[in-house]
Structures are given as C-alpha cells and as structure tokens.
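File shown: entry-v6.pdb (PDB, C-alpha atoms).
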ATOM      1  CA  MET A   1      43.068   0.545 -50.556
ATOM      2  CA  PHE A   2      39.854   0.677 -48.553
ATOM      3  CA  LYS A   3      38.958  -2.415 -46.552
ATOM      4  CA  ILE A   4      35.395  -3.724 -46.507
ATOM      5  CA  VAL A   5      34.606  -4.227 -42.824
ATOM      6  CA  HIS A   6      31.234  -5.803 -43.482
ATOM      7  CA  ALA A   7      29.172  -6.714 -46.539
ATOM      8  CA  GLU A   8      25.715  -8.226 -46.701
ATOM      9  CA  PHE A   9      22.741  -8.368 -49.040
ATOM     10  CA  ILE A  10      19.759  -6.535 -47.539
ATOM     11  CA  ALA A  11      17.448  -7.356 -50.457
ATOM     12  CA  PRO A  12      17.744  -9.308 -53.708
ATOM     13  CA  GLY A  13      20.535  -7.664 -55.698
ATOM     14  CA  ILE A  14      21.000  -4.912 -53.092
ATOM     15  CA  LYS A  15      24.075  -5.030 -50.868
ATOM     16  CA  ARG A  16      25.258  -2.862 -47.984
ATOM     17  CA  PHE A  17      28.993  -2.273 -47.536
ATOM     18  CA  VAL A  18      30.688  -0.868 -44.456
ATOM     19  CA  ILE A  19      34.038   0.526 -45.590
ATOM     20  CA  GLU A  20      37.056   1.772 -43.644
ATOM     21  CA  ALA A  21      37.457   5.417 -44.665
ATOM     22  CA  PRO A  22      38.208   7.477 -41.524
ATOM     23  CA  ARG A  23      38.901  10.807 -43.239
ATOM     24  CA  ILE A  24      35.680  10.608 -45.221
ATOM     25  CA  ALA A  25      33.725   9.525 -42.143
ATOM     26  CA  ARG A  26      34.903  12.592 -40.246
ATOM     27  CA  LYS A  27      33.832  14.990 -42.998
ATOM     28  CA  GLN A  28      30.686  13.420 -44.445
ATOM     29  CA  GLN A  29      27.398  15.302 -44.219
ATOM     30  CA  PRO A  30      23.887  14.214 -45.294
ATOM     31  CA  GLY A  31      23.310  14.319 -49.042
ATOM     32  CA  GLN A  32      26.932  13.816 -50.043
ATOM     33  CA  PHE A  33      28.335  10.936 -52.056
ATOM     34  CA  LEU A  34      31.446   8.927 -52.929
ATOM     35  CA  ILE A  35      33.070   7.893 -56.173
ATOM     36  CA  VAL A  36      34.564   4.403 -56.136
ATOM     37  CA  ARG A  37      36.762   2.388 -58.482
ATOM     38  CA  ILE A  38      37.093  -1.259 -57.615
ATOM     39  CA  TYR A  39      40.114  -2.176 -59.758
ATOM     40  CA  GLU A  40      42.735  -0.457 -61.889
ATOM     41  CA  GLU A  41      40.975  -0.739 -65.250
ATOM     42  CA  GLY A  42      37.520  -0.210 -63.802
ATOM     43  CA  GLU A  43      35.154   2.726 -64.250
ATOM     44  CA  ARG A  44      34.444   5.309 -61.562
ATOM     45  CA  ILE A  45      30.876   5.297 -60.231
ATOM     46  CA  PRO A  46      29.107   7.618 -57.767
ATOM     47  CA  LEU A  47      27.416   6.108 -54.713
ATOM     48  CA  THR A  48      25.555   7.965 -51.984
ATOM     49  CA  ILE A  49      26.741   7.593 -48.391
ATOM     50  CA  GLU A  50      23.997   5.959 -46.350
ATOM     51  CA  ARG A  51      25.642   6.823 -43.048
ATOM     52  CA  SER A  52      29.045   7.284 -41.467
ATOM     53  CA  ASP A  53      30.600   6.536 -38.087
ATOM     54  CA  PRO A  54      33.424   8.985 -37.299
ATOM     55  CA  LYS A  55      34.414   7.042 -34.168
ATOM     56  CA  LEU A  56      34.863   3.771 -36.039
ATOM     57  CA  GLY A  57      36.096   5.541 -39.167
ATOM     58  CA  THR A  58      33.596   3.814 -41.463
ATOM     59  CA  VAL A  59      31.110   4.793 -44.149
ATOM     60  CA  ASN A  60      28.171   2.779 -45.457
ATOM     61  CA  ILE A  61      27.026   2.504 -49.048
ATOM     62  CA  VAL A  62      24.076   0.568 -50.471
ATOM     63  CA  VAL A  63      24.599  -0.848 -53.977
ATOM     64  CA  GLN A  64      22.043  -2.310 -56.353
ATOM     65  CA  SER A  65      23.274  -4.636 -59.097
ATOM     66  CA  LEU A  66      22.256  -2.848 -62.286
ATOM     67  CA  GLY A  67      25.277  -2.468 -64.567
ATOM     68  CA  LYS A  68      28.567  -4.303 -64.941
ATOM     69  CA  THR A  69      30.431  -2.342 -62.260
ATOM     70  CA  THR A  70      27.711  -2.653 -59.627
ATOM     71  CA  HIS A  71      27.461  -6.383 -60.349
ATOM     72  CA  LEU A  72      31.222  -6.680 -59.876
ATOM     73  CA  LEU A  73      31.146  -4.596 -56.722
ATOM     74  CA  ASN A  74      28.462  -6.817 -55.247
ATOM     75  CA  THR A  75      30.709  -9.888 -55.670
ATOM     76  CA  LEU A  76      33.046  -8.455 -53.016
ATOM     77  CA  GLU A  77      32.749  -9.698 -49.455
ATOM     78  CA  THR A  78      33.788  -8.822 -45.919
ATOM     79  CA  GLY A  79      37.587  -8.595 -45.780
ATOM     80  CA  ASP A  80      38.018  -7.614 -49.440
ATOM     81  CA  SER A  81      39.139  -4.118 -50.415
ATOM     82  CA  ILE A  82      38.141  -1.407 -52.879
ATOM     83  CA  LEU A  83      40.950   0.280 -54.777
ATOM     84  CA  ASP A  84      39.712   3.893 -54.707
ATOM     85  CA  VAL A  85      37.112   5.655 -52.582
ATOM     86  CA  VAL A  86      36.947   9.435 -53.057
ATOM     87  CA  GLY A  87      34.773  11.780 -51.027
ATOM     88  CA  PRO A  88      32.791  13.211 -49.539
ATOM     89  CA  LEU A  89      31.665  14.953 -52.728
ATOM     90  CA  GLY A  90      28.789  17.276 -53.536
ATOM     91  CA  LYS A  91      26.998  19.909 -51.515
ATOM     92  CA  PRO A  92      25.423  18.719 -48.255
ATOM     93  CA  SER A  93      21.658  18.778 -47.846
ATOM     94  CA  GLN A  94      20.122  21.973 -46.500
ATOM     95  CA  ILE A  95      19.301  21.111 -42.901
ATOM     96  CA  GLU A  96      17.198  23.491 -40.859
ATOM     97  CA  LYS A  97      13.829  23.577 -39.146
ATOM     98  CA  PHE A  98      11.292  23.831 -41.955
ATOM     99  CA  GLY A  99       8.269  22.456 -40.110
ATOM    100  CA  THR A 100       6.630  19.410 -41.668
ATOM    101  CA  VAL A 101       8.852  17.602 -44.152
ATOM    102  CA  VAL A 102       7.836  14.699 -46.384
ATOM    103  CA  VAL A 103      10.806  12.483 -47.267
ATOM    104  CA  MET A 104      10.230  10.132 -50.206
ATOM    105  CA  GLY A 105      12.475   7.220 -51.168
ATOM    106  CA  GLY A 106      11.959   5.109 -54.266
ATOM    107  CA  GLY A 107      13.840   1.805 -54.345
ATOM    108  CA  VAL A 108      17.517   2.275 -53.453
ATOM    109  CA  GLY A 109      16.738   5.997 -53.229
ATOM    110  CA  THR A 110      15.601   5.233 -49.685
ATOM    111  CA  ALA A 111      19.250   4.701 -48.691
ATOM    112  CA  MET A 112      20.096   8.092 -50.180
ATOM    113  CA  ALA A 113      17.187   9.820 -48.450
ATOM    114  CA  TYR A 114      17.803   8.249 -45.038
ATOM    115  CA  PRO A 115      20.737  10.384 -43.784
ATOM    116  CA  THR A 116      18.979  13.620 -44.757
ATOM    117  CA  ALA A 117      15.736  12.472 -43.152
ATOM    118  CA  ALA A 118      17.594  11.667 -39.935
ATOM    119  CA  ALA A 119      19.288  15.068 -39.936
ATOM    120  CA  LEU A 120      15.992  16.854 -40.586
ATOM    121  CA  LYS A 121      14.448  15.029 -37.630
ATOM    122  CA  ARG A 122      17.368  16.042 -35.385
ATOM    123  CA  ALA A 123      16.821  19.632 -36.491
ATOM    124  CA  GLY A 124      13.327  19.542 -34.999
ATOM    125  CA  ASN A 125      11.198  18.855 -38.073
ATOM    126  CA  HIS A 126       8.040  16.755 -38.182
ATOM    127  CA  VAL A 127       9.172  14.052 -40.619
ATOM    128  CA  LEU A 128       6.687  12.041 -42.660
ATOM    129  CA  SER A 129       8.405   9.363 -44.729
ATOM    130  CA  ILE A 130       7.068   7.561 -47.783
ATOM    131  CA  VAL A 131       9.039   4.542 -49.011
ATOM    132  CA  GLY A 132       8.222   2.749 -52.238
ATOM    133  CA  ALA A 133       9.451  -0.389 -53.990
ATOM    134  CA  ARG A 134       8.374  -2.723 -56.761
ATOM    135  CA  ASN A 135       7.568  -5.514 -54.303
ATOM    136  CA  LYS A 136       7.960  -6.584 -50.672
ATOM    137  CA  ASP A 137      11.419  -8.091 -51.139
ATOM    138  CA  LEU A 138      12.835  -4.786 -52.400
ATOM    139  CA  VAL A 139      11.680  -2.635 -49.482
ATOM    140  CA  ILE A 140      14.866  -1.546 -47.692
ATOM    141  CA  LEU A 141      15.745   0.288 -44.477
ATOM    142  CA  GLU A 142      12.217   0.015 -43.129
ATOM    143  CA  ASN A 143      13.316  -0.129 -39.477
ATOM    144  CA  GLU A 144      15.846   2.666 -39.921
ATOM    145  CA  MET A 145      13.321   4.965 -41.595
ATOM    146  CA  ARG A 146      10.658   4.187 -39.002
ATOM    147  CA  ALA A 147      13.054   5.093 -36.187
ATOM    148  CA  ILE A 148      13.611   8.636 -37.482
ATOM    149  CA  SER A 149      10.104   9.329 -38.798
ATOM    150  CA  ASP A 150       7.008  10.620 -37.063
ATOM    151  CA  ALA A 151       5.081   8.470 -39.514
ATOM    152  CA  LEU A 152       6.221   5.956 -42.130
ATOM    153  CA  MET A 153       4.120   4.976 -45.147
ATOM    154  CA  ILE A 154       5.143   2.124 -47.453
ATOM    155  CA  THR A 155       3.842   1.341 -50.926
ATOM    156  CA  THR A 156       4.605  -1.482 -53.323
ATOM    157  CA  ASP A 157       3.815  -1.499 -57.030
ATOM    158  CA  ASP A 158       2.315  -5.000 -56.877
ATOM    159  CA  GLY A 159       0.618  -4.693 -53.487
ATOM    160  CA  SER A 160       2.691  -7.508 -51.960
ATOM    161  CA  TYR A 161       3.427  -5.381 -48.881
ATOM    162  CA  CYS A 162       1.522  -2.586 -47.162
ATOM    163  CA  GLU A 163      -0.416  -0.454 -49.664
ATOM    164  CA  LYS A 164      -0.536  -1.089 -53.397
ATOM    165  CA  GLY A 165       0.425   1.919 -55.466
ATOM    166  CA  PHE A 166       3.133   4.500 -55.909
ATOM    167  CA  VAL A 167       4.731   6.954 -53.514
ATOM    168  CA  THR A 168       2.972   9.772 -55.365
ATOM    169  CA  ASP A 169      -0.381   8.237 -54.404
ATOM    170  CA  LYS A 170       0.416   8.656 -50.707
ATOM    171  CA  LEU A 171       1.733  12.155 -51.319
ATOM    172  CA  ARG A 172      -1.524  13.144 -53.017
ATOM    173  CA  GLU A 173      -3.466  11.708 -50.082
ATOM    174  CA  LEU A 174      -1.501  13.851 -47.644
ATOM    175  CA  ILE A 175      -2.033  16.971 -49.729
ATOM    176  CA  GLU A 176      -5.755  16.310 -50.271
ATOM    177  CA  SER A 177      -6.249  15.623 -46.561
ATOM    178  CA  GLY A 178      -5.034  19.125 -45.791
ATOM    179  CA  THR A 179      -1.800  18.051 -44.085
ATOM    180  CA  PRO A 180       0.431  21.128 -43.988
ATOM    181  CA  ILE A 181       3.678  20.365 -45.844
ATOM    182  CA  ASP A 182       6.578  22.791 -45.814
ATOM    183  CA  LEU A 183       9.094  20.757 -47.818
ATOM    184  CA  VAL A 184       9.261  17.555 -49.861
ATOM    185  CA  LEU A 185      12.507  15.665 -50.453
ATOM    186  CA  ALA A 186      12.341  12.998 -53.161
ATOM    187  CA  VAL A 187      15.129  10.556 -54.034
ATOM    188  CA  GLY A 188      14.749   7.698 -56.480
ATOM    189  CA  PRO A 189      14.409   6.863 -60.176
ATOM    190  CA  ILE A 190      14.053   9.827 -62.517
ATOM    191  CA  PRO A 191      10.398   9.072 -63.449
ATOM    192  CA  MET A 192       9.499   8.938 -59.751
ATOM    193  CA  MET A 193      11.183  12.266 -58.962
ATOM    194  CA  LYS A 194       9.589  13.895 -61.996
ATOM    195  CA  ALA A 195       6.138  12.645 -60.944
ATOM    196  CA  VAL A 196       6.642  13.971 -57.408
ATOM    197  CA  ALA A 197       7.650  17.354 -58.817
ATOM    198  CA  GLU A 198       4.461  17.548 -60.875
ATOM    199  CA  VAL A 199       2.282  16.723 -57.870
ATOM    200  CA  THR A 200       3.909  19.317 -55.639
ATOM    201  CA  ARG A 201       4.078  21.960 -58.376
ATOM    202  CA  ALA A 202       0.297  22.005 -58.522
ATOM    203  CA  ALA A 203       0.144  22.355 -54.730
ATOM    204  CA  ASN A 204       2.911  24.990 -54.634
ATOM    205  CA  ILE A 205       5.035  22.968 -52.194
ATOM    206  CA  ARG A 206       8.786  23.435 -52.262
ATOM    207  CA  THR A 207      10.411  20.206 -53.437
ATOM    208  CA  VAL A 208      14.037  19.084 -53.549
ATOM    209  CA  VAL A 209      15.323  16.135 -55.600
ATOM    210  CA  SER A 210      18.709  14.390 -55.596
ATOM    211  CA  LEU A 211      19.809  13.904 -59.196
ATOM    212  CA  ASN A 212      21.753  10.936 -60.529
ATOM    213  CA  PRO A 213      23.231  11.852 -63.929
ATOM    214  CA  ILE A 214      26.233  10.164 -65.520
ATOM    215  CA  MET A 215      29.309  11.146 -63.521
ATOM    216  CA  ILE A 216      33.028  10.504 -63.944
ATOM    217  CA  ASP A 217      35.417  12.652 -61.914
ATOM    218  CA  GLY A 218      33.094  14.252 -59.358
ATOM    219  CA  THR A 219      34.884  17.614 -59.497
ATOM    220  CA  GLY A 220      33.066  19.381 -62.353
ATOM    221  CA  MET A 221      35.977  18.975 -64.774
ATOM    222  CA  CYS A 222      34.561  16.331 -67.117
ATOM    223  CA  GLY A 223      31.131  17.896 -67.588
ATOM    224  CA  GLY A 224      29.462  14.495 -67.751
ATOM    225  CA  CYS A 225      26.973  15.292 -64.995
ATOM    226  CA  ARG A 226      25.653  18.498 -66.595
ATOM    227  CA  VAL A 227      21.990  19.120 -65.836
ATOM    228  CA  LEU A 228      19.642  21.932 -66.821
ATOM    229  CA  VAL A 229      18.179  23.700 -63.787
ATOM    230  CA  GLY A 230      16.225  26.939 -64.065
ATOM    231  CA  GLY A 231      17.305  27.171 -67.683
ATOM    232  CA  LYS A 232      20.993  27.171 -66.729
ATOM    233  CA  SER A 233      23.630  24.447 -66.930
ATOM    234  CA  LYS A 234      24.680  23.047 -63.563
ATOM    235  CA  PHE A 235      27.014  20.221 -62.586
ATOM    236  CA  ALA A 236      25.402  17.710 -60.253
ATOM    237  CA  CYS A 237      28.735  16.770 -58.665
ATOM    238  CA  VAL A 238      29.609  20.273 -57.414
ATOM    239  CA  ASP A 239      26.380  22.288 -57.644
ATOM    240  CA  GLY A 240      24.268  19.387 -56.360
ATOM    241  CA  PRO A 241      23.357  16.608 -56.209
ATOM    242  CA  GLU A 242      20.244  18.215 -54.692
ATOM    243  CA  PHE A 243      18.283  20.792 -56.691
ATOM    244  CA  GLU A 244      14.925  22.542 -56.603
ATOM    245  CA  ALA A 245      12.673  20.021 -58.333
ATOM    246  CA  HIS A 246      10.435  22.530 -60.088
ATOM    247  CA  GLU A 247      13.447  24.025 -61.873
ATOM    248  CA  VAL A 248      14.904  20.721 -63.138
ATOM    249  CA  ASN A 249      14.530  19.871 -66.819
ATOM    250  CA  PHE A 250      13.859  16.150 -66.432
ATOM    251  CA  GLU A 251      13.615  15.577 -70.198
ATOM    252  CA  VAL A 252      17.237  16.668 -70.675
ATOM    253  CA  LEU A 253      18.288  14.525 -67.688
ATOM    254  CA  VAL A 254      16.649  11.461 -69.225
ATOM    255  CA  GLN A 255      18.310  12.113 -72.589
ATOM    256  CA  ARG A 256      21.795  12.493 -71.107
ATOM    257  CA  ASN A 257      21.453   9.377 -68.964
ATOM    258  CA  ALA A 258      20.477   7.406 -72.060
ATOM    259  CA  MET A 259      23.574   8.405 -74.054
ATOM    260  CA  TYR A 260      25.616   5.336 -73.117
ATOM    261  CA  ARG A 261      22.745   2.902 -72.608
ATOM    262  CA  ASP A 262      23.714   0.648 -75.533
ATOM    263  CA  ALA A 263      27.351   0.494 -74.406
ATOM    264  CA  GLU A 264      26.258  -0.241 -70.843
ATOM    265  CA  ARG A 265      23.970  -3.000 -72.072
ATOM    266  CA  ARG A 266      26.732  -4.619 -74.134
ATOM    267  CA  SER A 267      29.159  -4.430 -71.217
ATOM    268  CA  LEU A 268      26.672  -6.111 -68.897
ATOM    269  CA  GLU A 269      25.934  -8.823 -71.449
ATOM    270  CA  GLU A 270      29.649  -9.551 -71.815
ATOM    271  CA  TYR A 271      30.007  -9.709 -68.040
ATOM    272  CA  ARG A 272      27.099 -12.128 -67.698
ATOM    273  CA  HIS A 273      28.490 -14.304 -70.483
ATOM    274  CA  ALA A 274      31.893 -14.459 -68.755
ATOM    275  CA  GLU A 275      30.206 -15.159 -65.437
ATOM    276  CA  ALA A 276      28.221 -18.029 -66.933
ATOM    277  CA  ILE A 277      31.383 -19.552 -68.354
ATOM    278  CA  SER A 278      33.176 -19.265 -65.017
ATOM    279  CA  GLN A 279      30.285 -20.972 -63.258
ATOM    280  CA  GLN A 280      30.359 -23.801 -65.775
ATOM    281  CA  LEU A 281      34.060 -24.240 -65.111
ATOM    282  CA  ALA A 282      33.418 -24.060 -61.350
ATOM    283  CA  ARG A 283      35.966 -21.282 -61.114
ATOM    284  CA  PRO A 284      34.979 -17.828 -59.817
ATOM    285  CA  LEU A 285      36.850 -16.009 -62.597
ATOM    286  CA  ILE A 286      34.982 -12.720 -62.280
ATOM    287  CA  ALA A 287      35.300 -12.300 -58.517
ATOM    288  CA  ALA A 288      38.909 -13.481 -58.691
ATOM    289  CA  SER A 289      39.764 -10.940 -61.394
ATOM    290  CA  VAL A 290      38.208  -8.164 -59.343
ATOM    291  CA  ARG A 291      40.178  -9.132 -56.266
ATOM    292  CA  LYS A 292      43.335  -9.464 -58.329
ATOM    293  CA  GLY A 293      42.776  -5.981 -59.720
ATOM    294  CA  VAL A 294      41.974  -4.611 -56.290
ATOM    295  CA  GLY A 295      45.214  -6.018 -54.964
ATOM    296  CA  LYS A 296      47.399  -4.169 -57.468
TER     297      LYS A 296
END
Please express what this file holds, its structure, as structure tokens.
Amino acid sequence: MFKIVHAEFIAPGIKRFVIEAPRIARKQQPGQFLIVRIYEEGERIPLTIERSDPKLGTVNIVVQSLGKTTHLLNTLETGDSILDVVGPLGKPSQIEKFGTVVVMGGGVGTAMAYPTAAALKRAGNHVLSIVGARNKDLVILENEMRAISDALMITTDDGSYCEKGFVTDKLRELIESGTPIDLVLAVGPIPMMKAVAEVTRAANIRTVVSLNPIMIDGTGMCGGCRVLVGGKSKFACVDGPEFEAHEVNFEVLVQRNAMYRDAERRSLEEYRHAEAISQQLARPLIAASVRKGVGK
C-alpha cells in the first residue's frame, strides 16, 4: 500500500499525486517511470516520475484522465492509497554536458520532460525549453520549467496563451535563426514527437524521444511495449523509454498503440455510464469501489 500524501488538479483533467515510496525515491533518476495498479482487479499502467524527494521519501506523478484507469486514479484524494507502485523502471536519461539543449514538452509530456531538463541544467547545459498545449488551461509546470531553463517558450494550438502554433514552429524558428543546438529532447504525443524528429532530421540535430507504447509488466517479459528502432525490435520498458528519434519507426508505434483502442473505448464508456448512474443516485459508487479495492 502506498499512501497519497497530497493530490491536486493542476489543470482540467490533470492531477498531481505525491506518493509515499521511500525506496523508489532513493533510487529514481530522470527519465525513469513507475507502474501502478490502483486495486486488485485493475490494470497496470506506466506513469513517468515528475520528481522525487529522497529525504521525504516521496515521488510525484502527473496523471491526465484519458482512459478508464486514469479516470479512476484521478478520483483518489489526499490520504487515500494506491495498491501497487513498482519502480523505478527503465533506463535513466543520458545526462552530460552537451552544450545547448532544447527540451520540448507537449501536453502532459512536459511533466515527463521536466526532471531531465532540470538534470541537464545542473550538468551545465544551456537549456532552451519549449512547452506546448491545446489551450491556456492545459499549460502545466510553467513556473517549474521557467526556473530550470535559460529561456522558456510556450505555444498553444488556439492562441489563447503566449504564441499560437505548435512546438515545432518554435523549434524551426530557433534553427532558422542560426541558434546552435547540440541536442533536442522531445516528450509528448506520438504525432508531436514524430514531427519534431522530421524537423531535426533535416537539420542533422541529434534528437531523443521518450516513447509511450502499451506496457504491462515493465520488465521486458510480456513484449507489449515492443518498438522498432534502427530496424531492430526493442522493449521500451528496459531498453528505453528514451531512444534516438531518427531511428524510431513511428508508424509501427502508432499501429501497436491502436491495437486495443476499441476495447479501451468500450471500457471508458462503461465507466462513464456507471459514474453517471452513481451521480444520479447521489452515491459515489466508482470512487468507493476503488477505495474498497485499494483497501484489500
């Protein structure tokens, strides 16, 4: 059982959890992730560690409500507990002094990029950060990213905050202005990471992406997170999650992530139907069932 020390929404549908996990906090390095299961019959889902505090023995995760499990997870509050938290998993980010590094976060990918950006800054790099979101309300970790960046650029798809456009637009501007760039790190939705890779491929700039394929056990045994990198099969959970972007076959990644889309959609629809019924009855059946399962 892993107690939730603090939980709060930081944007619509996006919640930050601070979880008691002292052994994980002592070992965690930037770029690594957790796998959580919130109740006995629940699925296991991977979540990147936003930050850890070894002294307090806590780790932070940022969760966006997308599927059934993330919706359920985001019903939990301060004082509740999560049944299983396994980690840290995956290879840590490569941290060294590269020179000028552009760190790009799309949506919740900003939470995944943040710890690596902070570590790159501590290593003596000149860090330029580009954060993108669909609209102003979904921009997250702005203050945190600004604190560890030499410059922070923010874009929104609809232009409701800062500059209208995509993160790739700002990246192109930097490249066309002649800004020397030694490394690009991109974390976000697959289309965003693919677009970044195409921009930097043309400019011959080394680019690293953090992949998010379907994952179950996090140890390489199930094979669910298989990705094609440099023409060879890799497992994101043990060989990654970070890979050289120009070697990633994004088409295969998209296909594999779509394999269970219909089942995921049905599961979410069933959850929302049950949630609507519970609200009509003025009884929090869903949250109560999660907490009951967590308490087993």
Check: Once the PyMOL selection byres ((chain A and resi 115-119) around 8) has been applied to the shown file, what residues remain in the selection, as a ChimeraX atom specification?
Finding: /A:30-31,50-51,93,95,103,111-114,120-123,127,148-149
Next item on the list: Check the smallest atom-to-atom distance from each of A:His246, A:His126, A:Lys97, A:Lys15 to Thr207 of chain A using only C-alpha atoms, then report the winner.
Entry: A:His246
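Using all atoms listed in the file, the smallest distance between any of A:Asp262, A:Asp80, A:Asp150, A:Glu244 and Phe17 of chain A comes from A:Asp80.
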Check: Can you list, as a ChimeraX atom specification, the residues that the PyMOL selection byres ((chain A and resi 211) around 6) selects here?
Finding: /A:210,212,241
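The space between atom CA of Thr78 of chain A and atom CA of Met145 of chain A spans 25.1 Å.
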Check: If you measure from atom CA of Thr200 of chain A to atom CA of Ala151 of chain A, what distance in Å do you get, rounded to one decimal?
Finding: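 A separation of 19.5 Å between them.
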Next item on the list: Determine the residue membership of the PyMOL selection byres ((chain A and resi 168) around 8) for the file above and supply it as a list in words.
Entry: Phe166, Val167, Asp169, Lys170, Leu171, Arg172, Met192, Ala195, Val196 and Val199 of chain A
Margin query: For a quick check of understanding, using all atoms listed in the file, which of A:Ile4, A:Pro12, A:Ile24, A:Ala276 has the smallest distance to Asp137 of chain A?
Written below: A:Pro12
Item checked: Long-range neighbours of Leu83 of chain A as a list in words, 7 Å cut-off, all atoms listed in the file, 2 positions minimum in chain -> Met1, Phe2, Arg37, Ile38, Tyr39, Ser81, Val85 and Val294 of chain A
Next item on the list: Go ahead and compute the interatomic distance for atom CA of His71 of chain A and atom CA of Arg266 of chain A, in Å to one decimal.
Entry: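 Taking atom CA of His71 of chain A and atom CA of Arg266 of chain A, their separation equals 13.9 Å.
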Notebook entry, point to check: Smallest atom-to-atom distance to Lys194 of chain A: which of A:Asp158, A:Glu247, A:Glu144, A:Glu163, using all atoms listed in the file?
Noted result: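 With all atoms listed in the file as the atom set, the closest residue is A:Glu247.
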Checklist line | Minimum-distance residue to Val86 of chain A, chosen among A:Asn74, A:Gln255, A:Ser233, A:Thr48 (using only C-alpha atoms) | finding: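 Of A:Asn74, A:Gln255, A:Ser233, A:Thr48, the one nearest Val86 of chain A is A:Thr48, counting only C-alpha atoms.
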